[in-house]
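*Asks:* If you scroll down you'll find the structure; I have some questions about it.
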Amino acid sequence: MSLHPFAIELLQLSLLLGLAPAFAGWVKVLKCRVQGRTAAGILQPYRDIRRLFGKDIVLAENASWIFRFTPYLTFGVTVIAAGIIPLVSVDLPLSATADVIALVMLFGLIRFFTALAGMDIGTAFGGMGSSREMTIASLAEPAMLMAIFTVSLASNSTSLTQMVSVMAHAEFVIRPSLAFALAAFILIALAETGRIPVDNPATHLELTMIHEAMILEYSGRHLALIEWAGMMKLALFFALGISAFCPWGISPGGEIGTLALALVMLAVKLMVGALVMVLIETGLAKMRIFRLPEYLGSAFLLATLGMIAFFILE
Amino acid sequence: MKTLRDTIMTHFGTSATLCSATCPPGVPQILVPREKFEDVGWLMKGAGARLAAEWGVDETLMGRHFAVIACFARETEYLLVRCDIPSDEPTFPSLSKKHPPAFRFERQILSLLGLTPTGHVHSDLRPWIKHEDWPIDAWPLRKSFDAGRRMPRVAGDYAWVRAEGEGVYEIPVGPVHAGIIEPGHFRFQAIGEDILNLEERLGYTHKGIEKRFEQLSWGEGARLAGRVSGDSTVAHALTYCRAVEAMTGTNVPPRGAWLRAIMLERERIANHLGDIGAIANDAAFTFFFYQFMRLKELVLRGNRRLFGHRYLMDQVLPGGVAVDLPADASLMIEEELESLPEEFERIIKAYDLNASLDDRLRETGILSAETARELGTVGFVARASGQPLDCRLQAPFAPYDRFPPRMVVLNSCDVHARAWVRIEEIRDSVRLIHELLATLPAGETLAPLPDVPPDRSAFAAVEGWRGEIVYWLQSGLNGGINRCAIRDPSSVNWLALEQAIHGNIVPDFPLCNKSFNQSYSGHDL
């Protein structure tokens with residue numbers, strides 16, 4: 001028995017919507033454990049989202065439509081992105097509509113509107129956050145594209161499903177180009193999702209914030225949507241990394257059996273990936289903000305090396 | 001080298017008088033004519049002394065007028081210089097030309113007591129501590145001011161320092177902060193991420209503590225002193241008590257003195273542990289934060305078992321201490337001091353080896369040795385900027401005269417140095433507690449306090465964990481408290497933060513601020 005591609009698409013979307021908070025909770029649980037603390041449980045993000053949805057919105061008097069529109073845009077675009085990245089099956093109808101360049105653009109769109117919303121209210125913190133976010137974006141996005149292009153070269157396509165199915169069926173060999181690209185991707189993913197050592201998602205210090213500074217003025221359901229989208233973005237970056245670099249186990253079509261296996265594999269990979277991130281986050285302090293160009297520059301360099309390695313060696 | 005006292009006496013000759021009748025021996029108080037008060041400033045500067053504190057006093061209930069007293073310190077010598085001020089012309093010459101800390105001391109004197117500093121350099125007469133929505137002529141420290149009266153609100157504006165130009169923008173931070181900390185306002189002028197200037201605005205926790213002292217008995221005063229800054233409750237209460245004891249000539253029984261020192265060192269250990277963790281946390285290194293908080297918690301729980309209060313509040317009384325240790329205390333402390341340093345050293349080793357943390361802490365928030373000296377900074381802030389200052393060595397009292405602490409002076413002047421001074425001090429405090437326990441005398445812990453004679457004053461300085469705390473007490477004609485002047489180390493060290501931040505970037509400010517960790521409450525009074 002096999003599922004219709006649209007059913008797979010729906011399954012994938014609901015998986016991400018429903019389980020992204022659990023993944024964020026899992027990251028927090030791991031972090032607590034590694035640091036010797038008792039965790040609030042992996043269900044805590046659900047409680048946070050429910051609490052925020054139950055609260056009224058406090059809106060600044062001078063907030064424009066951009067400020068009110070951004071949370072919905074952020075959420076909506078993240079859901080679209082979730083439709084493109086193959087999580088459990090490569091048979092995704094939506095994936096044909098957008099390739100990996102469009103995916104980067106989708107994240108860029110969210111970032112553009114979030115930065116505008118940060119400046120919309122006119123607080124010093126919002127503007128500061130937007131300016132920092134843009135500095136990072138201008139360096140992170142090219143590096144991100146370079147890293148992904150290396151994988152595209154290996155699979156001769158920029159379509160995500162195409163890349164994944166080629167990678168999943170290729171014979172496993174350690175390819176230097178992909179190793180470089182993976183290293184670059186990890187560096188960029190930490191920056192893009194606002195994790196230590198680039199940004200600190202748990203800080204209360206406004207002056208040090210990057211992403212949080214832009215959304216400091218949000219409350220109620222606006223904040224709930226942004227937080228939820230943020231959790232999905234974190235899970236999506238993991239999924240993207242998994243799809244691009246170790247897609248083994250992903251279902252080629254819609255058979256229930258392979259889908260179930262793909263789900264289990266995905267869960268295991270996510271859990272292991274989260275552990276790696278938590279270890280990085282626990283062992284490092286946040287970088288001084290002017291180190292970021294060096295950091296993202298080295299990510300770009302690694303990605304370029306990956307590409308060169310591909311042409312020389314493969 | 002000539003003593004500070006002799007320097008003044010030789011210069012002024014017969015026009016200066018030593019107030020020996022109203023002051024206990026120890027810290028001399030010299031009365032100089034008001035018009036020559038400024039001379040004292042440059043004389044003391046020339047002698048290499050720092051202005052430790054400056055405060056005013058209203059003596060109208062004692063048949064006199066106002067007075068301003070400046071406290072100078074150099075190495076082991078403290079000296080008080082006083083000038084009398086007539087009520088009909090409440091002005092005094094400013095010391096700010098030679099001593100930068102005088103700016104804030106004198107703004108405070110003007111705001112709270114209505115005595116105007118004069119002199120061509122004193123341009124900054126904006127209110128300090130007292131905010132602009134209080135009537136300008138409401139001077140709470142004057143005897144004519146009724147503390148029970150409700151203060152009318154008035155409209156007012158505070159003139160901030162401005163920076164203008166292409167790309168300059170302002171970041172107002174506070175007074176309400178996101179973390180669980182005290183309120184204070186910081187205003188940055190920045191270009192991009194580079195800080196051009198930082199201006200502090202404090203006074204949000206002004207509680208009228210100095211005024212409140214005047215309505216309390218000497219015994220109640222110790223409880224209030226313990227609440228000036230909650231994290232330094234032992235140090236503040238101890239300084240107050242030492243001033244009362246100096247005034248009455250009370251001798252603290254040796255066991256009481258030893259227990260006080262043990263409490264003071266435990267307070268130092270607990271706060272330093274918390275601070276090191278908080279510094280790491282501001283660099284987003286939460287692992288160390290939780291580890292150090294855990295160690296701090298162990299010390300606090302130990303405090304509760306030993307003395308009955310986690311923060312040792314109300315344990316120090318005039319004449320001694322409130323409670324004696326339980327019978328098995330030595331064993332408990334020894335056990336604690338066995339495991340704590342071991343864990344501490346393990347965490348410190350990891351802290352020291354972590355390159356990413358090191359990268360954040362080094363060369364951040366440099367307070368040059370010269371600035372630290374000019375601003376009269378005290379405590380670990382001064383010691384991390386090459387200033388050899390420690391009251392436990394420079395104004396020693398039992399048992400520190402027998403068990404001197406090791407002075408740790410570092411010269412890198414950055415956040416790392418301010419953290420590392422704390423680490424070394426924790427090590428040394430553990431050693432001190434070991435030695436104090438081994439030599440703990442038997443006997444009483446509290447001596448009876450005789451009546452305080454009328455119209456006397458006394459001075460005391462104690463090295464709390466933040467640094468030198470200064471108290472000056474004066475009794476009225478009825479033998480009650482006429483004035484209790486307090487100078488928390490924060491009063492001078494807050495100034496240094498403004499200077500240390502120059503040349504840094506905006507996101508490094510929380511780290512710099514945490515490395516200072518000054519008290520808002522102790523400053524605002």
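By order in the structure tokens, chains are A, B, ...; within a chain, residues start at 1; ligands start at 1, following the order shown.
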Taking only C-alpha atoms into account and nothing else, which residues of chain A lie no more than 12 Å away from chain B? Please answer as an MDAnalysis selection string.

*Replies:* chainID A and resid 31:38 122:132 135 195:210 213 216 278:291

*Asks:* Let's have the selection written as a compact mmCIF listing (two decimals), in the first residue's frame, with N, CA and C atoms.

*Replies:*
# COMPACT_ATOMS: atom_id res chain seq x y z
N LYS A 31 20.43 19.91 26.78
CA LYS A 31 21.29 20.96 27.29
C LYS A 31 21.31 20.95 28.82
N CYS A 32 20.15 20.81 29.40
CA CYS A 32 20.07 20.74 30.85
C CYS A 32 20.87 19.56 31.38
N ARG A 33 20.70 18.41 30.75
CA ARG A 33 21.39 17.21 31.21
C ARG A 33 22.90 17.40 31.13
N VAL A 34 23.35 17.91 29.99
CA VAL A 34 24.79 18.08 29.79
C VAL A 34 25.36 19.05 30.83
N GLN A 35 24.55 20.05 31.22
CA GLN A 35 25.03 21.03 32.18
C GLN A 35 24.70 20.66 33.62
N GLY A 36 24.18 19.45 33.82
CA GLY A 36 23.93 19.00 35.18
C GLY A 36 22.71 19.62 35.83
N ARG A 37 21.70 19.94 35.03
CA ARG A 37 20.50 20.53 35.60
C ARG A 37 19.31 19.63 35.37
N THR A 38 18.21 19.91 36.06
CA THR A 38 16.98 19.18 35.82
C THR A 38 16.20 19.93 34.74
N GLY A 122 10.75 51.54 16.36
CA GLY A 122 11.64 52.66 16.63
C GLY A 122 12.41 52.55 17.93
N THR A 123 12.44 51.39 18.55
CA THR A 123 13.25 51.26 19.76
C THR A 123 14.70 51.02 19.37
N ALA A 124 15.60 51.39 20.31
CA ALA A 124 17.02 51.25 20.01
C ALA A 124 17.39 49.77 19.86
N PHE A 125 16.80 48.93 20.68
CA PHE A 125 17.16 47.51 20.64
C PHE A 125 16.77 46.87 19.31
N GLY A 126 15.57 47.21 18.83
CA GLY A 126 15.09 46.63 17.58
C GLY A 126 16.02 46.98 16.42
N GLY A 127 16.38 48.25 16.33
CA GLY A 127 17.26 48.70 15.26
C GLY A 127 18.62 48.02 15.34
N MET A 128 19.11 47.92 16.59
CA MET A 128 20.41 47.28 16.81
C MET A 128 20.36 45.82 16.34
N GLY A 129 19.28 45.13 16.72
CA GLY A 129 19.14 43.73 16.34
C GLY A 129 19.07 43.58 14.83
N SER A 130 18.29 44.46 14.18
CA SER A 130 18.16 44.38 12.73
C SER A 130 19.49 44.59 12.05
N SER A 131 20.24 45.57 12.54
CA SER A 131 21.52 45.87 11.91
C SER A 131 22.47 44.68 12.06
N ARG A 132 22.47 44.06 13.24
CA ARG A 132 23.35 42.90 13.43
C ARG A 132 22.90 41.72 12.58
N THR A 135 24.01 42.18 9.09
CA THR A 135 25.45 41.94 8.94
C THR A 135 25.71 40.45 8.80
N ARG A 195 22.20 30.22 17.28
CA ARG A 195 22.69 29.43 18.42
C ARG A 195 24.08 29.92 18.83
N ILE A 196 24.49 29.55 20.04
CA ILE A 196 25.86 29.80 20.48
C ILE A 196 26.78 29.06 19.52
N PRO A 197 27.90 29.58 19.10
CA PRO A 197 28.58 30.79 19.56
C PRO A 197 28.20 32.09 18.83
N VAL A 198 27.16 32.08 18.00
CA VAL A 198 26.85 33.30 17.25
C VAL A 198 25.86 34.17 18.02
N ASP A 199 24.78 33.57 18.48
CA ASP A 199 23.77 34.30 19.21
C ASP A 199 23.38 33.41 20.39
N ASN A 200 22.78 33.99 21.40
CA ASN A 200 22.38 33.18 22.54
C ASN A 200 20.86 33.21 22.64
N PRO A 201 20.19 32.09 22.33
CA PRO A 201 18.73 32.12 22.30
C PRO A 201 18.12 32.26 23.69
N ALA A 202 18.92 32.05 24.75
CA ALA A 202 18.34 32.05 26.09
C ALA A 202 18.68 33.31 26.88
N THR A 203 19.30 34.29 26.25
CA THR A 203 19.78 35.42 27.05
C THR A 203 18.67 36.41 27.38
N HIS A 204 18.87 37.15 28.45
CA HIS A 204 17.96 38.24 28.79
C HIS A 204 18.66 39.58 28.57
N LEU A 205 19.90 39.56 28.08
CA LEU A 205 20.69 40.78 27.96
C LEU A 205 20.42 41.43 26.60
N GLU A 206 19.59 42.48 26.61
CA GLU A 206 19.17 43.08 25.35
C GLU A 206 20.34 43.54 24.50
N LEU A 207 21.39 44.05 25.18
CA LEU A 207 22.49 44.64 24.42
C LEU A 207 23.28 43.61 23.64
N THR A 208 23.20 42.35 24.04
CA THR A 208 23.98 41.32 23.35
C THR A 208 23.16 40.56 22.32
N MET A 209 21.86 40.81 22.30
CA MET A 209 20.98 40.00 21.46
C MET A 209 21.15 40.29 19.98
N ILE A 210 20.86 39.32 19.15
CA ILE A 210 20.78 39.57 17.71
C ILE A 210 19.34 39.32 17.27
N ALA A 213 16.62 40.55 19.80
CA ALA A 213 16.46 42.00 19.90
C ALA A 213 15.41 42.50 18.90
N LEU A 216 11.88 41.69 20.26
CA LEU A 216 11.71 42.03 21.68
C LEU A 216 10.34 42.62 21.98
N VAL A 278 24.25 20.57 21.04
CA VAL A 278 24.27 20.90 22.47
C VAL A 278 25.70 20.86 23.00
N LEU A 279 26.48 19.89 22.53
CA LEU A 279 27.87 19.82 22.98
C LEU A 279 28.66 21.04 22.51
N ILE A 280 28.41 21.46 21.27
CA ILE A 280 29.07 22.67 20.78
C ILE A 280 28.65 23.87 21.64
N GLU A 281 27.34 23.97 21.91
CA GLU A 281 26.83 25.12 22.65
C GLU A 281 27.32 25.15 24.09
N THR A 282 27.52 23.96 24.67
CA THR A 282 27.95 23.92 26.07
C THR A 282 29.43 24.21 26.19
N GLY A 283 30.19 23.85 25.18
CA GLY A 283 31.64 23.99 25.28
C GLY A 283 32.18 25.32 24.82
N LEU A 284 31.31 26.17 24.30
CA LEU A 284 31.81 27.45 23.76
C LEU A 284 31.09 28.62 24.40
N ALA A 285 31.84 29.72 24.54
CA ALA A 285 31.20 30.98 24.92
C ALA A 285 30.74 31.65 23.64
N LYS A 286 29.87 32.64 23.78
CA LYS A 286 29.43 33.38 22.61
C LYS A 286 30.60 34.22 22.09
N MET A 287 30.71 34.28 20.77
CA MET A 287 31.81 35.06 20.20
C MET A 287 31.56 36.54 20.36
N ARG A 288 32.65 37.30 20.41
CA ARG A 288 32.53 38.74 20.32
C ARG A 288 31.96 39.05 18.93
N ILE A 289 31.09 40.02 18.83
CA ILE A 289 30.32 40.18 17.60
C ILE A 289 31.21 40.46 16.40
N PHE A 290 32.37 41.10 16.62
CA PHE A 290 33.23 41.39 15.48
C PHE A 290 34.08 40.20 15.06
N ARG A 291 33.93 39.08 15.75
CA ARG A 291 34.58 37.87 15.28
C ARG A 291 33.71 37.18 14.22

*Asks:* Excluding Leu261 (chain A) and its own-chain neighbours fewer than 4 positions away, which residues fall within 12 Å of it when counting only C-alpha atoms? Please give them as an MDAnalysis selection string.

*Replies:* chainID A and resid 87:89 248:252 254:257 265:268

*Asks:* Limited to N, CA and C atoms, could you put the picked residues into a file as a PDB file, in the first residue's frame?

*Replies:*
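Dumped everything to out18.pdb:
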ATOM      1  N   LEU A  87      11.700  15.350   4.104  1.00  0.00           N
ATOM      2  CA  LEU A  87      11.993  14.830   5.439  1.00  0.00           C
ATOM      3  C   LEU A  87      11.980  13.305   5.448  1.00  0.00           C
ATOM      4  N   VAL A  88      10.843  12.734   4.976  1.00  0.00           N
ATOM      5  CA  VAL A  88      10.728  11.275   5.046  1.00  0.00           C
ATOM      6  C   VAL A  88      10.643  10.637   3.659  1.00  0.00           C
ATOM      7  N   SER A  89      10.228  11.445   2.663  1.00  0.00           N
ATOM      8  CA  SER A  89      10.100  10.864   1.325  1.00  0.00           C
ATOM      9  C   SER A  89      10.541  11.877   0.288  1.00  0.00           C
ATOM     10  N   TRP A 248      20.413   8.717   4.009  1.00  0.00           N
ATOM     11  CA  TRP A 248      20.139   7.293   3.938  1.00  0.00           C
ATOM     12  C   TRP A 248      18.921   6.910   4.757  1.00  0.00           C
ATOM     13  N   GLY A 249      18.083   6.117   4.178  1.00  0.00           N
ATOM     14  CA  GLY A 249      16.887   5.664   4.883  1.00  0.00           C
ATOM     15  C   GLY A 249      15.649   6.399   4.435  1.00  0.00           C
ATOM     16  N   ILE A 250      15.814   7.486   3.650  1.00  0.00           N
ATOM     17  CA  ILE A 250      14.644   8.240   3.222  1.00  0.00           C
ATOM     18  C   ILE A 250      13.838   7.411   2.217  1.00  0.00           C
ATOM     19  N   SER A 251      12.526   7.556   2.280  1.00  0.00           N
ATOM     20  CA  SER A 251      11.657   6.716   1.446  1.00  0.00           C
ATOM     21  C   SER A 251      11.628   7.244   0.005  1.00  0.00           C
ATOM     22  N   PRO A 252      11.849   6.378  -0.966  1.00  0.00           N
ATOM     23  CA  PRO A 252      11.834   6.834  -2.357  1.00  0.00           C
ATOM     24  C   PRO A 252      10.428   7.147  -2.853  1.00  0.00           C
ATOM     25  N   GLY A 254       5.972   6.328  -1.645  1.00  0.00           N
ATOM     26  CA  GLY A 254       5.029   6.498  -0.564  1.00  0.00           C
ATOM     27  C   GLY A 254       4.637   5.216   0.142  1.00  0.00           C
ATOM     28  N   GLU A 255       5.459   4.140   0.022  1.00  0.00           N
ATOM     29  CA  GLU A 255       5.070   2.899   0.694  1.00  0.00           C
ATOM     30  C   GLU A 255       5.128   3.095   2.203  1.00  0.00           C
ATOM     31  N   ILE A 256       4.105   2.575   2.870  1.00  0.00           N
ATOM     32  CA  ILE A 256       3.981   2.755   4.316  1.00  0.00           C
ATOM     33  C   ILE A 256       5.220   2.235   5.041  1.00  0.00           C
ATOM     34  N   GLY A 257       5.702   1.068   4.607  1.00  0.00           N
ATOM     35  CA  GLY A 257       6.831   0.450   5.305  1.00  0.00           C
ATOM     36  C   GLY A 257       8.069   1.330   5.256  1.00  0.00           C
ATOM     37  N   MET A 265      14.403   6.656  11.187  1.00  0.00           N
ATOM     38  CA  MET A 265      15.758   7.120  10.887  1.00  0.00           C
ATOM     39  C   MET A 265      15.884   8.623  11.134  1.00  0.00           C
ATOM     40  N   LEU A 266      14.853   9.357  10.689  1.00  0.00           N
ATOM     41  CA  LEU A 266      14.879  10.817  10.851  1.00  0.00           C
ATOM     42  C   LEU A 266      14.943  11.181  12.331  1.00  0.00           C
ATOM     43  N   ALA A 267      14.097  10.507  13.125  1.00  0.00           N
ATOM     44  CA  ALA A 267      14.070  10.810  14.554  1.00  0.00           C
ATOM     45  C   ALA A 267      15.429  10.554  15.178  1.00  0.00           C
ATOM     46  N   VAL A 268      16.030   9.428  14.829  1.00  0.00           N
ATOM     47  CA  VAL A 268      17.344   9.100  15.402  1.00  0.00           C
ATOM     48  C   VAL A 268      18.379  10.143  14.982  1.00  0.00           C
TER      49      VAL A 268
END

*Asks:* As an exercise, work out the distance from CA of Asp39 (chain B) to CA of Ser94 (chain B) in Å and give it to one decimal place.

*Replies:*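 That distance, rounded to one decimal, is 10.0 Å.
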
*Asks:* Let me make sure I understand: among B:Ala73, B:Met62, B:Met263, B:Met9, which one has the smallest atom-to-atom distance to Asn478 (chain B) if we use only C-alpha atoms?

*Replies:* B:Met62

*Asks:* Excluding Gly54 (chain A) and its own-chain neighbours fewer than 3 positions away, which residues fall within 12 Å of it when counting only C-alpha atoms? Please give them as an NGL selection string.

*Replies:* :A and (47-51 or 57 or 219-224)

*Asks:* If you count only C-alpha atoms, which residues fall within 6 Å of region 310-326 of chain B, apart from same-chain ones fewer than 6 positions away, as a PyMOL selection string?

*Replies:* chain B and resi 223+233+241+252+256+300+303-304+445-447+449

*Asks:* Please, could you write that set of residues out with C-alpha atoms as a PDB file, in the first residue's frame?

*Replies:*
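Output file part.pdb is given in full below:
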ATOM      1  CA  ARG B 223      19.939  45.961  61.554  1.00  0.00           C
ATOM      2  CA  THR B 233      25.027  42.605  54.908  1.00  0.00           C
ATOM      3  CA  CYS B 241      29.259  48.397  64.507  1.00  0.00           C
ATOM      4  CA  VAL B 252      34.781  43.201  71.165  1.00  0.00           C
ATOM      5  CA  GLY B 256      33.202  37.719  68.672  1.00  0.00           C
ATOM      6  CA  LEU B 300      24.769  29.728  51.701  1.00  0.00           C
ATOM      7  CA  ASN B 303      25.673  29.709  56.528  1.00  0.00           C
ATOM      8  CA  ARG B 304      22.163  28.725  57.470  1.00  0.00           C
ATOM      9  CA  THR B 445      30.850  36.639  71.794  1.00  0.00           C
ATOM     10  CA  LEU B 446      29.125  39.876  72.753  1.00  0.00           C
ATOM     11  CA  ALA B 447      30.254  42.735  74.982  1.00  0.00           C
ATOM     12  CA  LEU B 449      27.431  48.401  74.757  1.00  0.00           C
TER      13      LEU B 449
END

*Asks:* I'd like the neighbourhood of Asn197 (chain B) as a ChimeraX atom specification, where a residue qualifies if any of its atoms comes within 12 Å (using only C-alpha atoms), though same-chain residues fewer than 3 positions away should be ignored.

*Replies:* /B:160-164,168-172,186-191,193-194,200,497-506,509

*Asks:* Keeping only C-alpha atoms, write those residues as a PDB file, in the first residue's frame.

*Replies:*
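File produced: result27.pdb:
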ATOM      1  CA  TRP B 160      21.781  64.275  29.595  1.00  0.00           C
ATOM      2  CA  VAL B 161      25.177  64.485  28.053  1.00  0.00           C
ATOM      3  CA  ARG B 162      24.570  64.635  24.310  1.00  0.00           C
ATOM      4  CA  ALA B 163      26.572  63.353  21.414  1.00  0.00           C
ATOM      5  CA  GLU B 164      25.657  64.479  17.944  1.00  0.00           C
ATOM      6  CA  VAL B 168      25.376  58.700  16.280  1.00  0.00           C
ATOM      7  CA  TYR B 169      22.478  57.095  18.043  1.00  0.00           C
ATOM      8  CA  GLU B 170      21.384  56.690  21.629  1.00  0.00           C
ATOM      9  CA  ILE B 171      20.529  53.479  23.417  1.00  0.00           C
ATOM     10  CA  PRO B 172      18.612  53.964  26.640  1.00  0.00           C
ATOM     11  CA  PHE B 186      22.399  53.525  31.352  1.00  0.00           C
ATOM     12  CA  ARG B 187      22.470  55.768  28.331  1.00  0.00           C
ATOM     13  CA  PHE B 188      24.840  54.936  25.533  1.00  0.00           C
ATOM     14  CA  GLN B 189      25.866  57.036  22.612  1.00  0.00           C
ATOM     15  CA  ALA B 190      27.144  54.789  19.893  1.00  0.00           C
ATOM     16  CA  ILE B 191      28.227  54.749  16.273  1.00  0.00           C
ATOM     17  CA  GLU B 193      28.604  49.020  17.670  1.00  0.00           C
ATOM     18  CA  ASP B 194      31.304  51.335  19.065  1.00  0.00           C
ATOM     19  CA  GLU B 200      24.822  56.346  34.270  1.00  0.00           C
ATOM     20  CA  LEU B 497      32.530  51.606  34.847  1.00  0.00           C
ATOM     21  CA  GLU B 498      31.766  54.662  32.718  1.00  0.00           C
ATOM     22  CA  GLN B 499      35.469  54.948  31.927  1.00  0.00           C
ATOM     23  CA  ALA B 500      36.145  51.237  31.442  1.00  0.00           C
ATOM     24  CA  ILE B 501      33.531  51.016  28.712  1.00  0.00           C
ATOM     25  CA  HIS B 502      35.284  53.496  26.383  1.00  0.00           C
ATOM     26  CA  GLY B 503      36.561  51.820  23.247  1.00  0.00           C
ATOM     27  CA  ASN B 504      34.362  48.773  23.750  1.00  0.00           C
ATOM     28  CA  ILE B 505      31.421  47.638  21.676  1.00  0.00           C
ATOM     29  CA  VAL B 506      27.802  47.710  22.785  1.00  0.00           C
ATOM     30  CA  PHE B 509      28.744  46.116  28.036  1.00  0.00           C
TER      31      PHE B 509
END

*Asks:* Skip Val90 (chain A) itself and residues of its chain fewer than 4 positions away, then list as an MDAnalysis selection string all residues within 12 Å of it, counting only C-alpha atoms.

*Replies:* chainID A and resid 5:6 8:9 12 83:86 94:96 159:169 243:244 247:255 258:259 262
